[in-house]
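Visitor: I'd like to ask some things about the structure below.
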Amino acid sequence: MALTLGSYQYVRDVYNQNMRLAQYKLPEQLTDGTQTVHDDGLIKLTLVVTDQQVTKITIVTTNPRATEYMQVFEGFEFGFDAVATWIQNYEQSVTTHGPSQGIVKGILADYQTTPDEVLTVNLTRVANR
């Protein structure tokens, strides 16, 4: 089995504990597959779930400087206790309109910002904790 970010229940719990904006909290249950759990035009949040294990989290925002984006990303960052160099990768991607990657505690944050300021961040596990 591929490396995972944890069970959906675990990911949901650690994220929701760190999410102050109720509309962006993860639902109680999520079926297997690629599931878009939020899409309001500002933020699209998608999880890939296989056998109730989260293998990928994708956050797409049309405004990388929006407070809502910061809250959503930090929900995972603080939830996974992975606070470290990702802020540098974020800044590099947003300011250069290009790619940047950082690994913290075996979790890869892969950033890509387009010239029209659309930021996509993929979180995947690349190494054991």
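In the structure tokens, chains take the letters A, B, ... in the order shown, each chain's residues start at 1, and ligands count up from 1 in the order shown.
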Distance table requested - segment 62-98 of chain A against segment 106-126 of chain A, cut-off 8 Å, only C-alpha atoms: one row per qualifying residue with the closest atom pair and its distance in Å to one decimal, ordered by chain and rising residue number, as CSV.
Guide:
```
residue,atom,partner,partner_atom,distance
A:Thr62,CA,A:Val118,CA,4.6
A:Asn63,CA,A:Glu117,CA,6.5
A:Pro64,CA,A:Leu119,CA,6.0
A:Ala82,CA,A:Ile107,CA,8.0
A:Trp86,CA,A:Ala109,CA,7.1
A:Asn89,CA,A:Tyr111,CA,7.2
A:Tyr90,CA,A:Tyr111,CA,6.7
A:Ser93,CA,A:Thr113,CA,5.6
A:Val94,CA,A:Thr113,CA,5.7
A:Thr96,CA,A:Thr113,CA,7.9
A:His97,CA,A:Thr113,CA,4.7
A:Gly98,CA,A:Thr113,CA,5.2
```
Visitor: Could you give me the residues within segment 4-72 of chain A that DSSP places in strand (DSSP E or B), as a list in words?
Guide: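 Restricting segment 4-72 of chain A to strand (DSSP E or B) produces Gly6, Ser7, Gly33, Thr34, Gln35, Thr36, Val37, His38, Asp39, Ile43, Lys44, Leu45, Thr46, Leu47, Val48, Val49, Thr50, Gln53, Val54, Thr55, Lys56, Ile57, Thr58, Ile59, Val60 and Thr61 of chain A.
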Visitor: Neighbours of Lys44 of chain A within 9 Å (only C-alpha atoms; same-chain residues fewer than 6 positions away dropped), as an NGL selection string?
Guide: :A and (36-38 or 58-61)
Visitor: What would the file look like if the residues just selected were written as a compact mmCIF listing (two decimals), in the first residue's frame with C-alpha atoms?
Guide:
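Okay, this is what ended up in again.txt:
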```
# COMPACT_ATOMS: atom_id res chain seq x y z
CA THR A 36 -14.14 17.51 -3.38
CA VAL A 37 -15.29 18.51 0.09
CA HIS A 38 -15.39 22.25 -0.51
CA THR A 58 -5.22 19.21 -2.84
CA ILE A 59 -6.00 22.84 -2.07
CA VAL A 60 -6.61 25.23 -4.98
CA THR A 61 -7.19 28.92 -4.30
```
Visitor: Of the residues A:Gly102, A:Gly6, A:Gly41, A:Gly33, which is the one nearest to Tyr69 of chain A, using only C-alpha atoms?
Guide: A:Gly41
Visitor: For Phe80 of chain A, list every protein, DNA or RNA residue within 9 Å, evaluated using only C-alpha atoms, and leave out those in the same chain fewer than 6 positions away; present the list as a compact mmCIF listing (two decimals) with N, CA, C and O atoms, in the first residue's frame.
Guide:
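Writing done, so here's out-v4.txt:
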```txt
# COMPACT_ATOMS: atom_id res chain seq x y z
N LEU A 5 -1.34 9.79 4.47
CA LEU A 5 -1.33 10.86 5.46
C LEU A 5 -2.03 10.43 6.74
O LEU A 5 -1.97 11.14 7.74
N VAL A 11 -7.17 12.37 9.88
CA VAL A 11 -6.97 13.62 9.14
C VAL A 11 -8.09 14.60 9.48
O VAL A 11 -7.84 15.78 9.75
N VAL A 14 -7.61 15.95 13.25
CA VAL A 14 -6.52 16.90 13.49
C VAL A 14 -6.74 18.20 12.71
O VAL A 14 -6.39 19.28 13.19
N TYR A 15 -7.33 18.11 11.53
CA TYR A 15 -7.63 19.30 10.74
C TYR A 15 -8.73 20.12 11.41
O TYR A 15 -8.58 21.33 11.65
N LYS A 105 8.51 16.31 8.04
CA LYS A 105 8.04 15.07 8.69
C LYS A 105 7.51 14.06 7.69
O LYS A 105 6.50 13.40 7.92
N ILE A 107 6.11 14.61 4.85
CA ILE A 107 4.98 15.08 4.05
C ILE A 107 5.49 16.12 3.06
O ILE A 107 6.08 17.13 3.45
```
Visitor: Could you write out, as a VMD selection string, all the residues of segment 29-128 of chain A that DSSP marks as alpha helix (DSSP H)?
Guide: chain A and resid 67 to 79 86 to 96
Visitor: For a quick check of understanding, using only C-alpha atoms, which of A:Gln88, A:Val104, A:Arg12, A:Asp40 has the smallest distance to Pro27 of chain A?
Guide: A:Arg12
Visitor: Take atom CA of Asn128 of chain A and atom CA of Asp51 of chain A and report the distance between them in Å, one decimal.
Guide: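 Between atom CA of Asn128 of chain A and atom CA of Asp51 of chain A the gap is 18.6 Å.
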Visitor: Tell me, in Å to one decimal, how far atom CA of Thr4 of chain A is from atom CA of Leu42 of chain A.
Guide: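 Those two atoms sit 26.8 Å apart.
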Visitor: In Å, with one decimal, what is the gap from atom CA of Thr50 of chain A to atom CA of Ser7 of chain A?
Guide: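 Separation between atom CA of Thr50 of chain A and atom CA of Ser7 of chain A: 9.2 Å.
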Visitor: Name the closest residue to Leu26 of chain A among the candidates A:Val72, A:Ala2, A:Ile87, A:Ile103; distances are taken between atoms, counting only C-alpha atoms.
Guide: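 Answer, going by the shortest atom-to-atom distance: A:Val72.
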Visitor: From the list A:Tyr10, A:Leu3, A:Asn18, A:Thr31, which residue is nearest Phe78 of chain A when using only C-alpha atoms?
Guide: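 Once distances to Phe78 of chain A are computed over only C-alpha atoms, the minimum belongs to A:Asn18.
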